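Notes to accompany the following structure.
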Amino acid sequence: MSTRQMELEVMRYDPEQDKAPYFQKYSVPCEDDWAILDAINYVKENIDTTLAYRWSCHMMVCGSCGMMVNGEPSLTCKTFIRDLPDRVRIEPLENFPIERDLVVVLDDVMEKLRMAKPFIIRKDDPPPEDREYTQSRANLYKFKQYTMCINCMCCYAACPQYALDKSFIGPAVLALAHRYNIDSRDQGKSERLNILADHDGVWECSFVGACSEVCPKSVDPAAAVQQMKIDGAKEWWKQKLGGGKS
Amino acid sequence: METIHADIVIVGAGGAGLRASIEIAQSNPELKVALISKVYPMRSHTCAAEGGAAGVKGADDSQEMHFNDTVSGGDWLCDQEVVEYFVSQAARELVQLEHWGCPWSREDDGSVAVRPFGGMKKKRTWYAADKSGFHILHTLFQTSLQFPTIQRFDEFFAIDLLHKNGKCRGVVAMEMRSGRFFSFQAPVVIMASGGGGQCFPFTTNGAIKTGDGMAMAYRAGVPLKDMEFVQYHPTGLPGTGILLTEGCRGEGGILVNKNGYRYLQDYGMGPETPIGEPVLKTMELGPRDRLSQAFWHEQKKGNTVETPWGDCVLLDMRHLGEKKINERLPLVRELASSYVGHDPVTDPVPVRPVIHFMMGGIDSNINGETPMPGLYAIGETACSGLHGANRLGSNSLTDLLVSGKRSAERAAAYAKEAGQREDDPFITAQAEAVVTWVRELLQQSGGDESIARIRREMKTTLEEGAGIYRDEEGTSASCQKVAELRERYKTIEVHDKSNVFNTDLQQALELRNLLDVAETVAEASLERRESRGAHQRLDYTERDDENFLKHSLAFRQADGRPRIEWLDVTITRSQPGVRDYSGSKDK
Amino acid sequence: MAIAKKAFVWGLFAAGGTLTAFVFPVLIALFLLVALGKVPEGLQFENIHAFATSWVGKTGLFIVISLSLWHAAHRLRVVFHDFGVRMDNLVANAVYLVALIGTVMTAFYLYKI
Amino acid sequence: MSRQPYIRPVSKTTWYMRNGRYRKYMLREVTCLLVGVYCFLTIWVLAILASGSQEHWNAFLVSQQSPSVVAFHAIALIYFLVYQTFDWFKLAPKAMPVQLGEKKMPDRFIVIAHYAAWAVISLFVFWLAGVI
Ligand SMILES: Cc1cc2nc3c(=O)[nH]c(=O)nc-3n(C[C@H](O)[C@H](O)[C@H](O)COP(=O)(O)OP(=O)(O)OC[C@H]3O[C@@H](n4cnc5c(N)ncnc54)[C@H](O)[C@@H]3O)c2cc1C
Ligand code: SF4
Ligand code: F3S
Ligand code: FES
């Protein structure tokens with residue numbers, strides 16, 4: 001296997017030393033089959049142990065390693081150097097405060113996640129005893145796609161409406177709420193809509209669609225949000241006409 | 001340093017820690033739970049599990065059969081009362097998960113689907129395509145969000161346990177984002193910190209699996225049990241060590257050597273079964289230890305395929321067809337295509353055995369209790385005696401749930417009895433001492449040892465001395481090497497002096513834990529002079545029930561190498577027998 | 001918390017958007033034909049007048065124009081926001097008012113035809 | 001203690017210059033101006049019709065015949081097609097997915113259905129207007 005010398009421009013920021021972030025260059029001999037995360041790991045192991053970033057699984061599933069790679073929100077263990085030019089710029093995910101180097105502060109989204117009530121809500125009967133709910137594959141496949149979100153937050157880094165207004169709940173969390181709304185086992189849809197179709201909820205999305213374009217797991221949050229808007233509009237009429245409880 | 005009081009501290013928010021925290025919050029809302037995790041809960045390595053979770057489902061299956069598979073799969077080193085309890089609770093826990101919204105794959109009639117798995121006589125592995133662990137973890141995490149009594153401390157790195165008079169009293173942790181230290185004081189600590197596969201060079205385990213909990217308990221005087229049993233998974237992607245789930249073979253994938261020959265039939269797992277019609281508990285559906293060992297022999301015979309990443313065999317799934325692969329193994333397809341450039345729909349995929357799971361861990365029992373009152377251990381970090389000498393695939397995820405719930409019940413009762421306590425100056429001083437040590441580690445400079453180098457050497461020596469096959473000479477060399485590395489560790493330099501998100505410091509602390517774990521693995525491997533399950537000795541090739549139907553216990557010594565003691569295995573109904581994977585008697 | 005009024009406005013926006021996507025190209029094309037001097041038969045005074053007098057024609061025209069106006073108004077509100085104008089209430093009132101005026105004018109003229 | 005998260009500034013007025021994806025979005029959004037223009041043009045037409053005078057109508061038709069008006073309509077038509085009609089059809093399957101048993105109907109079918117409906121509607125209007 002051959003190696004290729006790549007130039008990494010990595011954004012650095014140590015709040016105890018620096019007033020503002022700056023770029024540092026590293027030259028890394030990369031193997032052909034590396035992901036950009038491997039190159040960053042190489043830096044950490046062999047060149048500069050002070051570089052701070054998050055990663056764990058190296059298999060596109062833990063969601064830790066989201067960063068901006070040449071301006072695009074990317075999962076670095078899924079972004080291969082074979083697809084990149086010789087110079088690569090690596091920055092922390094946009095739209096989040098930078099804690100240190102490539103590590104961003106995620107408090108805001110974590111709090112929103114709780115707000116969205118991403119768990120099964122039952123109103124009427126309790127679940128069947130000692131037995132699973134019956135659920136058709138048709139229903140499963142309806143929401144399955146939205147369960148694939150690994151919370152990598154790339155979509156938040158891509159969404160300009162979140163950039164402009166941090167009170168917007170944002171793509172991944174809304175997609176997750178929608179996933180529960182359309183799960184046949186759940187009865188919490190109107191409860192969730194009352195929160196998420198309020199001012200800062202789905203309506204702040206102007207369907208830029210960037211979230212879905214960058215999503216490394218093909219979750220398509222943009223679709224979920226639009227569907228939720230339709231649900232929200234229906235629910236509004238239902239409540240106005242006295243049909244639905246609020 | 002700040003002090004936080006809680007009724008129960010849980011270290012680890014993977015499958016086990018989350019299940020336990022939900023149980024406590026649901027049944028004992030008056031108890032305050034502090035859930036500490038060094039990564040956000042959904043980043044925990046449970047998310048990487050692909051294949052599924054075992055629990056009796058079909059009408060033709062029984063708990064008895066699940067019990068027998070587990071015990072023989074574990075080469076009779078299982079504590080049988082633990083296995084009995086486990087199989088009795090398995091299905092119930094998986095149903096509970098379904099009620100919480102887990103997107104299990106479904107049969108035509110809308111019931112949950114099950115798939116075959118290695119070493120299991122019946123189809124009983126519940127799965128969610130090939131992202132079972134991921135969905136389990138996210139379901140648990142999301143479910144946990146509804147309980148206000150679970151207070152989370154995300155990205156807090158637990159460093160050491162606090163204890164007094166032999167009783168556990170809490171844990172010291174560092175908040176990564178600020179570098180501040182906290183002493184969590186509580187009568188109960190539940191250790192759910194996962195495995196330590198990172199002490200080996202080539203592993204399916206994520207970077208966070210550094211055996212921290214095991215090492216913390218070990219340093220606090222609690223023995224580590226059965227550490228010599230480390231599972232190799234037969235089908236890892238070369239280079240990265242990424243796992244291709246056993247589900248690949250469960251669905252009908254076959255393993256061939258460079259001649260296209262299904263070599264497993266030469267290693268007691270034949271006769272050959274027709275391609276595309278996998279037969280349970282034979283050939284490709286034999287247990288992991290046997291399959292990995294067969295690879296080793298093929299490699300010695302020169303029958304493996306040479307690849308840029310070393311010797312491999314081929315996992316052929318082409319006959320499954322694109323539709324089935326997309327439906328049941330989409331992640332496998334994505335991983336194999338992206339990381340080694342082989343699409344399983346069109347090409348056989350090169351694979352090789354890879355370190356996957358630690359059967360051993362903190363000595364605990366059916367209730368998660370350890371020898372130290374107030375300290376509980378669950379999940380992969382614990383060794384309750386469930387997995388014996390070789391874990392069957394898909395028993396571990398279920399164990400997270402079963403042991404998580406059970407230990408939570410016990411721990412809650414214990415915590416209520418112990419009651420809330422005042423600040424204890426003794427405990428505070430103990431915590432201060434830990435912090436002082438860490439601060440000194442951070443300040444010390446001028447040493448020429450690098451964290452990366454020691455880590456690399458540790459990994460190499462452990463693979464050499466405690467790999468698929470072991471012998472006296474190689475293993476004792478490893479023991480010495482690890483001891484030497486522990487000495488050299490004392491002069492490492494942490495170059496990053498910042499307080500904020502200091503991953504250099506974190507890696508230094510993790511390396512300390514890895515070295516402790518590595519040492520117990522090597523020493524226990526040396527002392528077990530027999531071959532059993534995942535522990536295979538070239539110089540003691542037979543199982544020796546007379547002398548070694550026992551758990552090993554590694555105790556830390558104040559200085560020098562650990563002391564190994566032995567503990568009898570609990571046998572209730574199944575006497576040691578022959579592990580038969582020829583498929584003959586089941587027909 | 002409750003579902004915001006935006007649900008209602010958005011409903012009209014979405015309906016209007018769909019309508020514009022389907023009918024505006026042909027509408028613009030007709031204007032283009034006129035501009036090119038190729039006035040089609042249907043746009044001769046009698047024909048178009050007859051069409052606008054019929055109930056079907058009246059209803060159709062009203063729906064298309066009013067919903068399209070709402071669509072445009074709502075999107076314009078977002079455009080203002082996207083260009084950095086942050087007096088959302090003022091903007092909203094203004095654009096919806098214009099849409100309302102247009103709608104009333106449409107109704108008025110249609111009624112008079 | 002020593003935390004001091006750094007917040008990168010985002011321009012509220014020029015943020016869309018950052019990448020092509022955003023610029024395309026903005027180009028789509030401003031189609032609303034065209035919609036407004038044509039709505040009011042049509043209202044003007046209605047006003048003329050409401051006057052009931054054929055002369056006014058014919059005068060209006062003549063007044064429309066100039067190269068600049070032609071150019072305006074032609075550009076508007078292309079712009080509108082690209083940034084509103086085609087875009088709307090492309091995105092429609094996201095907002096309204098169709099589930100057929102276990103399968104989602106492929107997006108392409110929904111998009112094709114939209115184009116088909118669009119063709120029918122356009123032909124119908126042309127027929128009404130006597131263009132064909
Ligand atoms: C690739 C792969 C596939 C697998 N597939 C299967 C399968 O199909 N079926 C099956 O049954 N099993 C499978 N396993 C095994 C199973 O997934 C694991 O054993 C199990 O998930 C471990 O769960 P856990 O809760 O014990 O630990 P983890 O999920 O690893 O969680 C550990 C937690 O502890 C925290 N932690 C660790 N150290 C510290 C510290 N110092 N301070 C604070 N917090 C800390 C971490 O942040 C994390 O939250 C698989 C394992 C791997 C690696
Ligand atoms: S929706 Fe996609 S991009 Fe957004 S957090 Fe989830 S996986 Fe990441
Ligand atoms: S990018 Fe943002 S605006 Fe909506 S469609 Fe996606 S959430
Ligand atoms: S490291 Fe886990 S998703 Fe990249």
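Going through the structure tokens in order, the chains are called A, B, and so on, while each chain numbers its residues from 1 and the ligands are numbered from 1 in the order shown.
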
Ligand 2: which residues are within 6 Å, counting only C-alpha atoms and all ligand atoms, as a short mmCIF file (atom, residue, chain, number, x, y, z; two decimals) with C-alpha atoms, in the first residue's frame?
data_model
loop_
_atom_site.label_atom_id
_atom_site.label_comp_id
_atom_site.auth_asym_id
_atom_site.auth_seq_id
_atom_site.Cartn_x
_atom_site.Cartn_y
_atom_site.Cartn_z
CA CYS A 149 -29.47 9.07 13.71
CA ILE A 150 -26.18 8.79 15.56
CA ASN A 151 -26.39 12.32 16.98
CA CYS A 152 -23.23 13.35 15.20
CA MET A 153 -24.64 16.89 14.91
CA CYS A 154 -23.37 17.37 11.37
CA CYS A 155 -26.86 18.51 10.42
CA ALA A 172 -31.85 15.80 14.31
CA CYS A 215 -26.17 13.56 7.06
CA PRO A 216 -23.75 10.62 7.04
CA LYS A 217 -26.47 8.13 7.91
CA VAL A 219 -31.55 10.00 8.01
CA PRO A 221 -34.07 15.08 8.76
#

message: Write out as a VMD selection string the set of residues from region 144-382 of chain B that DSSP, computed on the backbone, places in strand (DSSP E or B).
response: chain B and resid 150 to 154 156 to 164 167 to 175 181 to 185 188 to 191 203 224 to 225 230 to 236 243 254 to 256 305 to 307 310 to 316 349 to 358 361 to 363 369 375 to 377 382

message: Contacts from chain A to chain D, 10 Å maximum, only C-alpha atoms: show me the residue list as a PyMOL selection string.
response: chain A and resi 13-21+71-72+94-100+103-105+136-142+158-160+163-165+206-210+213+220-230

field: Shortest interatomic distance to chain D - which of C:Ala7, C:Ala14, C:Ala107, C:Ala35, counting only C-alpha atoms
entry: C:Ala35

- request: Pick out the chain A residues within 9 Å of chain C. Count only C-alpha atoms. Give them as a ChimeraX atom specification.
  value: /A:161,164,193-199,203,206,229-230,232-237,239,246

query: Just how far from CA of Asp32 (chain A) is CA of Arg87 (chain A), in Å to one decimal?
result: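 Calculated distance between CA of Arg87 (chain A) and CA of Asp32 (chain A) is 14.9 Å.
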